[in-house]
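Structure below is work_13.cif: mmCIF, C-alpha atoms.
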```
data_entry
loop_
_atom_site.label_atom_id
_atom_site.label_comp_id
_atom_site.auth_asym_id
_atom_site.auth_seq_id
_atom_site.Cartn_x
_atom_site.Cartn_y
_atom_site.Cartn_z
CA MET A 1 -16.06 -23.34 9.14
CA SER A 2 -12.98 -21.75 10.68
CA CYS A 3 -9.58 -23.28 9.96
CA GLU A 4 -6.95 -23.74 12.63
CA LEU A 5 -3.19 -23.82 12.22
CA LYS A 6 -1.85 -27.28 11.42
CA GLY A 7 1.73 -26.41 12.29
CA SER A 8 4.68 -26.13 9.94
CA TYR A 9 7.99 -27.77 9.31
CA ILE A 10 10.94 -27.26 7.01
CA ASP A 11 12.70 -30.10 5.22
CA GLY A 12 14.48 -30.80 1.95
CA HIS A 13 11.22 -30.46 -0.01
CA THR A 14 10.23 -27.03 1.34
CA ARG A 15 9.65 -24.55 -1.52
CA LEU A 16 10.84 -20.96 -1.29
CA TYR A 17 8.62 -17.96 -2.10
CA CYS A 18 9.49 -14.37 -1.30
CA LEU A 19 9.04 -10.63 -1.68
CA LEU A 20 11.61 -8.36 -3.34
CA GLY A 21 11.38 -4.69 -2.42
CA HIS A 22 13.20 -1.59 -1.21
CA PRO A 23 12.11 -1.16 1.51
CA ALA A 24 10.73 -4.63 2.31
CA LYS A 25 11.32 -5.31 6.01
CA HIS A 26 8.03 -3.64 7.00
CA SER A 27 6.02 -6.13 4.91
CA ILE A 28 3.43 -8.42 6.50
CA SER A 29 3.41 -10.63 3.40
CA PRO A 30 5.69 -13.25 5.03
CA ARG A 31 3.28 -13.68 7.92
CA MET A 32 0.27 -13.70 5.59
CA HIS A 33 1.58 -16.37 3.22
CA THR A 34 3.18 -18.46 5.96
CA THR A 35 -0.09 -18.47 7.90
CA ALA A 36 -2.05 -19.52 4.81
CA ALA A 37 0.44 -22.31 4.09
CA GLU A 38 0.23 -23.56 7.68
CA LEU A 39 -3.57 -23.54 7.59
CA LEU A 40 -3.56 -25.62 4.42
CA GLY A 41 -0.58 -27.84 5.24
CA ILE A 42 1.51 -26.61 2.27
CA ASN A 43 5.26 -27.16 2.58
CA MET A 44 6.56 -23.68 1.73
CA VAL A 45 8.28 -20.69 3.30
CA TYR A 46 7.87 -17.05 2.36
CA LEU A 47 10.53 -14.44 3.16
CA ALA A 48 11.10 -10.74 2.46
CA PHE A 49 14.33 -9.48 0.90
CA ASP A 50 15.29 -5.80 0.89
CA ILE A 51 17.59 -5.33 -2.10
CA GLU A 52 19.09 -2.30 -3.79
CA PRO A 53 17.44 -1.07 -7.02
CA ASP A 54 20.37 -2.14 -9.20
CA GLU A 55 20.34 -5.70 -7.80
CA ILE A 56 17.01 -6.83 -9.26
CA GLY A 57 18.54 -8.80 -12.15
CA ILE A 58 20.90 -10.68 -9.84
CA ALA A 59 18.05 -11.42 -7.44
CA VAL A 60 15.78 -12.80 -10.18
CA GLU A 61 18.46 -15.07 -11.61
CA SER A 62 19.35 -16.26 -8.10
CA LEU A 63 15.73 -17.20 -7.41
CA ARG A 64 15.58 -19.02 -10.74
CA LEU A 65 18.75 -20.93 -9.83
CA LEU A 66 17.35 -21.81 -6.40
CA GLN A 67 14.13 -23.06 -8.05
CA ALA A 68 11.94 -20.74 -6.00
CA GLY A 69 8.28 -21.40 -6.67
CA GLY A 70 7.60 -17.73 -7.23
CA PHE A 71 7.96 -14.26 -5.80
CA ASN A 72 6.28 -10.91 -5.36
CA LEU A 73 7.57 -7.46 -6.31
CA THR A 74 6.89 -4.20 -4.53
CA MET A 75 8.34 -0.71 -4.98
CA PRO A 76 10.53 0.01 -6.92
CA PHE A 77 10.67 -3.25 -8.92
CA LYS A 78 7.25 -3.71 -10.53
CA ARG A 79 8.51 -2.36 -13.86
CA THR A 80 12.26 -2.91 -13.66
CA VAL A 81 11.82 -6.67 -13.17
CA ILE A 82 10.19 -7.13 -16.59
CA PRO A 83 13.38 -7.46 -18.72
CA TYR A 84 14.49 -10.40 -16.55
CA LEU A 85 11.30 -12.44 -17.04
CA ASP A 86 10.46 -14.91 -19.81
CA LYS A 87 6.76 -14.17 -20.33
CA LEU A 88 4.02 -11.76 -19.27
CA THR A 89 0.31 -12.40 -18.80
CA LYS A 90 -2.11 -10.18 -20.71
CA ALA A 91 -2.92 -8.16 -17.58
CA SER A 92 0.75 -7.45 -16.89
CA GLU A 93 1.44 -6.63 -20.52
CA LEU A 94 -1.36 -4.07 -20.59
CA ALA A 95 -0.37 -2.59 -17.23
CA GLY A 96 3.35 -2.68 -17.98
CA ALA A 97 3.88 -3.90 -14.42
CA VAL A 98 4.40 -7.12 -12.49
CA ASN A 99 3.80 -7.86 -8.83
CA THR A 100 3.75 -11.67 -9.02
CA VAL A 101 6.13 -14.06 -10.73
CA ILE A 102 5.30 -17.74 -11.22
CA ASN A 103 8.10 -20.23 -11.87
CA LYS A 104 6.79 -22.86 -14.31
CA ASP A 105 9.62 -25.40 -14.65
CA GLY A 106 12.24 -22.69 -14.93
CA VAL A 107 10.12 -20.31 -17.04
CA LEU A 108 9.44 -17.09 -15.12
CA ILE A 109 5.99 -15.67 -15.90
CA GLY A 110 5.12 -12.12 -14.82
CA HIS A 111 1.58 -11.43 -13.66
CA THR A 112 -0.21 -8.66 -11.77
CA THR A 113 -2.77 -9.19 -9.01
CA ASP A 114 -2.63 -5.64 -7.59
CA GLY A 115 -5.60 -4.28 -9.49
CA ALA A 116 -7.90 -7.23 -8.91
CA GLY A 117 -6.90 -7.31 -5.23
CA TYR A 118 -7.64 -3.61 -4.89
CA LEU A 119 -11.10 -3.93 -6.44
CA ASP A 120 -11.89 -7.00 -4.32
CA SER A 121 -10.95 -5.02 -1.21
CA LEU A 122 -13.35 -2.21 -2.19
CA MET A 123 -16.21 -4.64 -2.69
CA ASP A 124 -15.37 -6.40 0.56
CA CYS A 125 -15.83 -3.16 2.53
CA GLY A 126 -19.08 -2.31 0.76
CA PHE A 127 -17.92 0.19 -1.89
CA ASP A 128 -19.26 -0.72 -5.34
CA TYR A 129 -16.88 0.80 -7.85
CA HIS A 130 -18.99 0.02 -10.93
CA ASP A 131 -20.01 3.07 -12.99
CA LYS A 132 -18.07 5.38 -10.63
CA LYS A 133 -15.34 7.98 -11.21
CA MET A 134 -11.94 7.66 -9.55
CA THR A 135 -9.15 10.15 -9.01
CA LEU A 136 -5.96 8.07 -9.02
CA LEU A 137 -2.69 9.50 -7.70
CA GLY A 138 0.39 7.92 -9.23
CA ALA A 139 1.27 5.94 -12.33
CA GLY A 140 3.70 3.35 -11.01
CA GLY A 141 3.27 -0.40 -11.04
CA ALA A 142 0.42 -0.60 -8.53
CA ALA A 143 -1.38 2.43 -9.99
CA THR A 144 -1.34 1.13 -13.56
CA SER A 145 -2.55 -2.28 -12.42
CA ILE A 146 -5.41 -0.64 -10.53
CA ALA A 147 -6.28 1.48 -13.58
CA VAL A 148 -6.27 -1.55 -15.90
CA SER A 149 -8.45 -3.68 -13.65
CA ALA A 150 -10.84 -0.80 -12.90
CA ALA A 151 -11.19 0.14 -16.57
CA LEU A 152 -11.84 -3.47 -17.58
CA SER A 153 -14.23 -4.14 -14.71
CA GLY A 154 -16.76 -1.36 -15.00
CA MET A 155 -15.30 1.89 -13.65
CA LYS A 156 -16.88 4.78 -15.59
CA SER A 157 -13.91 7.16 -15.64
CA ILE A 158 -10.44 7.60 -14.14
CA ASP A 159 -8.36 10.76 -13.77
CA ILE A 160 -4.69 9.89 -13.29
CA PHE A 161 -2.34 12.40 -11.69
CA LYS A 162 1.39 11.92 -12.21
CA ARG A 163 4.58 13.88 -11.73
CA LYS A 164 5.57 15.46 -15.04
CA ASN A 165 8.93 13.74 -15.41
CA ALA A 166 10.69 11.61 -18.02
CA THR A 167 7.99 8.90 -17.94
CA TYR A 168 5.02 11.26 -18.31
CA GLU A 169 4.68 10.63 -22.05
CA LYS A 170 4.71 6.87 -21.49
CA THR A 171 1.83 7.31 -19.08
CA ALA A 172 0.03 9.38 -21.71
CA GLU A 173 0.41 6.44 -24.12
CA PHE A 174 -0.90 4.12 -21.41
CA THR A 175 -4.04 6.24 -20.96
CA GLU A 176 -4.61 6.22 -24.72
CA LYS A 177 -4.32 2.43 -24.70
CA LEU A 178 -6.96 2.16 -21.98
CA ASN A 179 -9.29 4.51 -23.83
CA ALA A 180 -8.87 2.45 -27.00
CA ASN A 181 -9.35 -0.96 -25.36
CA THR A 182 -11.96 -0.35 -22.64
CA ASN A 183 -15.25 1.49 -22.14
CA CYS A 184 -13.69 3.65 -19.42
CA SER A 185 -12.79 7.31 -20.01
CA VAL A 186 -9.22 7.90 -18.78
CA GLN A 187 -7.45 11.26 -18.53
CA LEU A 188 -3.94 12.23 -17.43
CA PHE A 189 -2.99 15.36 -15.49
CA PRO A 190 0.27 16.69 -13.98
CA MET A 191 0.45 16.04 -10.24
CA ASP A 192 1.18 19.71 -9.53
CA ASP A 193 -1.96 20.96 -11.30
CA ALA A 194 -3.85 21.82 -8.12
CA ASP A 195 -6.88 23.24 -9.92
CA ALA A 196 -7.32 20.09 -12.01
CA MET A 197 -6.88 17.89 -8.96
CA LYS A 198 -9.44 19.83 -6.95
CA ALA A 199 -11.95 19.65 -9.81
CA SER A 200 -11.32 15.96 -10.35
CA ILE A 201 -11.73 15.04 -6.69
CA GLY A 202 -14.84 17.22 -6.54
CA SER A 203 -16.50 15.15 -9.27
CA SER A 204 -15.22 11.73 -8.14
CA GLU A 205 -16.76 9.15 -5.85
CA ILE A 206 -13.38 7.69 -4.88
CA LEU A 207 -9.87 9.07 -4.38
CA THR A 208 -6.98 6.61 -4.42
CA ASN A 209 -3.38 7.30 -3.45
CA ALA A 210 -1.21 4.75 -5.26
CA THR A 211 2.11 6.49 -4.58
CA ASN A 212 4.51 5.98 -1.68
CA VAL A 213 3.84 9.49 -0.33
CA GLY A 214 2.86 8.98 3.30
CA MET A 215 4.76 5.73 3.80
CA GLU A 216 6.58 5.06 7.09
CA ASP A 217 7.84 8.40 8.51
CA ASP A 218 6.57 10.57 5.63
CA LYS A 219 3.90 12.86 7.10
CA THR A 220 3.04 14.63 3.84
CA SER A 221 -0.06 14.33 1.66
CA LEU A 222 -0.47 14.99 -2.04
CA VAL A 223 -4.01 16.21 -1.38
CA PRO A 224 -4.90 19.21 0.80
CA ARG A 225 -7.52 18.60 3.48
CA ASP A 226 -9.94 21.09 1.92
CA PHE A 227 -10.16 19.05 -1.33
CA LEU A 228 -12.07 16.34 0.57
CA ARG A 229 -15.80 16.13 1.34
CA PRO A 230 -17.80 13.66 3.46
CA GLU A 231 -19.36 11.87 0.45
CA LEU A 232 -15.93 10.92 -0.94
CA PHE A 233 -14.45 7.46 -0.38
CA VAL A 234 -10.70 7.83 0.29
CA SER A 235 -8.33 4.95 -0.23
CA ASP A 236 -4.59 4.64 0.30
CA ILE A 237 -2.68 1.55 -0.84
CA ILE A 238 -0.14 2.17 1.95
CA TYR A 239 -0.69 0.06 5.07
CA HIS A 240 2.37 1.12 7.11
CA PRO A 241 1.51 3.37 8.83
CA ALA A 242 -2.09 2.22 9.17
CA GLU A 243 -3.26 5.84 8.95
CA THR A 244 -1.38 8.08 6.57
CA THR A 245 -1.75 11.84 6.67
CA LEU A 246 -4.21 11.60 3.76
CA LEU A 247 -6.35 9.12 5.71
CA SER A 248 -6.22 11.30 8.81
CA TYR A 249 -7.60 14.14 6.68
CA ALA A 250 -10.33 11.78 5.44
CA ARG A 251 -11.25 10.81 9.02
CA GLU A 252 -11.40 14.45 10.09
CA CYS A 253 -13.62 15.31 7.11
CA GLY A 254 -16.05 12.47 7.79
CA CYS A 255 -15.15 10.42 4.71
CA GLN A 256 -15.34 6.65 4.51
CA TYR A 257 -11.73 5.55 4.10
CA LYS A 258 -9.44 2.53 4.09
CA ASN A 259 -5.74 1.74 3.96
CA GLY A 260 -3.96 -0.89 1.88
CA GLU A 261 -4.18 -3.87 4.24
CA ASP A 262 -7.14 -5.50 2.51
CA MET A 263 -5.65 -4.82 -0.92
CA LEU A 264 -2.53 -6.60 0.28
CA LEU A 265 -4.65 -9.48 1.55
CA PHE A 266 -6.66 -9.94 -1.64
CA GLN A 267 -3.76 -9.49 -4.07
CA GLY A 268 -1.80 -11.91 -1.90
CA ALA A 269 -4.64 -14.42 -2.10
CA ALA A 270 -4.54 -14.19 -5.90
CA SER A 271 -0.75 -14.71 -5.93
CA PHE A 272 -1.08 -17.62 -3.52
CA TYR A 273 -3.55 -19.32 -5.85
CA GLU A 274 -1.27 -18.84 -8.87
CA TRP A 275 1.59 -20.50 -7.00
CA THR A 276 -0.19 -23.32 -5.18
CA GLY A 277 -3.46 -23.93 -7.01
CA GLN A 278 -5.26 -23.56 -3.67
CA GLN A 279 -7.53 -20.81 -2.44
CA MET A 280 -6.12 -18.82 0.46
CA PRO A 281 -8.46 -19.05 3.51
CA VAL A 282 -8.97 -15.29 3.44
CA GLU A 283 -11.21 -14.89 6.46
CA ASP A 284 -8.90 -16.96 8.68
CA VAL A 285 -5.81 -15.13 7.46
CA LYS A 286 -7.55 -11.81 8.11
CA ARG A 287 -8.43 -12.95 11.63
CA LEU A 288 -4.97 -14.29 12.45
CA VAL A 289 -2.75 -11.75 10.66
CA PHE A 290 -4.62 -8.47 10.20
#
```

Would you mind writing the structure in this file as structure tokens?
Amino acid sequence: MSCELKGSYIDGHTRLYCLLGHPAKHSISPRMHTTAAELLGINMVYLAFDIEPDEIGIAVESLRLLQAGGFNLTMPFKRTVIPYLDKLTKASELAGAVNTVINKDGVLIGHTTDGAGYLDSLMDCGFDYHDKKMTLLGAGGAATSIAVSAALSGMKSIDIFKRKNATYEKTAEFTEKLNANTNCSVQLFPMDDADAMKASIGSSEILTNATNVGMEDDKTSLVPRDFLRPELFVSDIIYHPAETTLLSYARECGCQYKNGEDMLLFQGAASFYEWTGQQMPVEDVKRLVF
């Protein structure tokens, strides 16, 4: 049965939820969560705040002071928020990243729903990731959450490509942790190793861009067009623009492909449940928002 909007109001009991990011103004999370709350008659508002990278600590303590019910994190805060939180769930501790914070009576608990939301979005569009190989671009907060959930949920192997910078060794330790604690085979490669990337994509069923390359006005792609083949499923966690350069290559090559809208929807549904204890009406939110 389809839900219809019940209308909304704001009063002295309205609870604040929000997104912290840089950038953040492009986000459709406010509309998604507000629509879900209206459908279910929950007295809450959800806003997006674009803050500078060095303001994350101030923002977290301000939200604690204001008794916000919880908040989401997007780039570049999924790791840098951790020192300002009181606890981490097991998933966030393993991933070393947080995209959802729950305020339990003043105790801020960091959780990650990115990976589970990503996998749910794949299944929703008909791609069964079990016993498959993935080439994963990036090792930031979203990427590590995707890798953790995929490794724990039945992905056969994952090749991670990352820029060889100051955090490369930490990512190497992360891959070792996944190999030690899951049945998934995980390898790490430098992002600029074109031969390794071509070989990895050639033996993978799915390619996932979990970096911000291609976001907004960025027309570049980390993957050349000739690395793709029609049998490959190409996924980009970016949803603005709806078609990145990588996805345009996938379309031209005849690949099945998808952007990050459904990942956003399903990870948002998981966050919504953590905050409210109610299931987001996913199909209605998809119809009304996406």

task: Quote the spacing between CA of Phe266 in chain A and CA of Cys125 in chain A in Å to one decimal place.
output: 12.1 Å

Please evaluate the PyMOL selection byres ((chain A and resi 67) around 9) against the structure above and give the resulting residues as a CSV table (one decimal) with C-alpha atoms, in the coordinates of the input.
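The file below, result-v4.csv, is the result:
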```csv
chain,number,residue,atom,x,y,z
A,15,ARG,CA,9.6,-24.6,-1.5
A,16,LEU,CA,10.8,-21.0,-1.3
A,62,SER,CA,19.4,-16.3,-8.1
A,63,LEU,CA,15.7,-17.2,-7.4
A,64,ARG,CA,15.6,-19.0,-10.7
A,65,LEU,CA,18.8,-20.9,-9.8
A,66,LEU,CA,17.4,-21.8,-6.4
A,68,ALA,CA,11.9,-20.7,-6.0
A,69,GLY,CA,8.3,-21.4,-6.7
A,70,GLY,CA,7.6,-17.7,-7.2
A,103,ASN,CA,8.1,-20.2,-11.9
A,105,ASP,CA,9.6,-25.4,-14.6
A,106,GLY,CA,12.2,-22.7,-14.9
```

query: Between A:Ala270, A:Gly140, A:Glu216, A:Ser204, which one has atoms that come closest to Arg229 in chain A, using all atoms listed in the file?
result: A:Ser204

- prompt: Any chance you could work out the residue set of the PyMOL selection byres ((chain A and resi 19-30) around 9) here, as a PyMOL selection string?
  reply: chain A and resi 17-18+31-35+45-53+56+59+71-77+216+240+264-265+268+289-290

message: I want to know what sits within 7 Å of Met134 in chain A, based on all atoms listed in the file, with residues of the same chain fewer than 2 positions away left out; could you give that as number ranges by chain?
response: A: 132, 136, 157-159, 204-207

- prompt: CA of Met44 in chain A and CA of Val98 in chain A are how many Å apart?
  reply: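 Computing the Euclidean distance for CA of Met44 in chain A and CA of Val98 in chain A yields 21.9 Å.
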
message: If we count all atoms listed in the file and set the cut-off at 10 Å, which residues sit around Leu288 in chain A, ignoring sequence neighbours fewer than 3 positions away in its own chain? Please answer as a ChimeraX atom specification.
response: /A:4-5,31-32,35-36,282-285

Got a sec to resolve the PyMOL selection byres ((chain A and resi 259) around 9) on this structure and send the residues as a short mmCIF file (atom, residue, chain, number, x, y, z; two decimals) with C-alpha atoms, in the frame of the given file?
```cif
data_model
loop_
_atom_site.label_atom_id
_atom_site.label_comp_id
_atom_site.auth_asym_id
_atom_site.auth_seq_id
_atom_site.Cartn_x
_atom_site.Cartn_y
_atom_site.Cartn_z
CA VAL A 234 -10.70 7.83 0.29
CA SER A 235 -8.33 4.95 -0.23
CA ASP A 236 -4.59 4.64 0.30
CA ILE A 237 -2.68 1.55 -0.84
CA ILE A 238 -0.14 2.17 1.95
CA TYR A 239 -0.69 0.06 5.07
CA HIS A 240 2.37 1.12 7.11
CA PRO A 241 1.51 3.37 8.83
CA ALA A 242 -2.09 2.22 9.17
CA GLU A 243 -3.26 5.84 8.95
CA THR A 244 -1.38 8.08 6.57
CA LEU A 247 -6.35 9.12 5.71
CA TYR A 257 -11.73 5.55 4.10
CA LYS A 258 -9.44 2.53 4.09
CA GLY A 260 -3.96 -0.89 1.88
CA GLU A 261 -4.18 -3.87 4.24
CA ASP A 262 -7.14 -5.50 2.51
CA MET A 263 -5.65 -4.82 -0.92
#
```
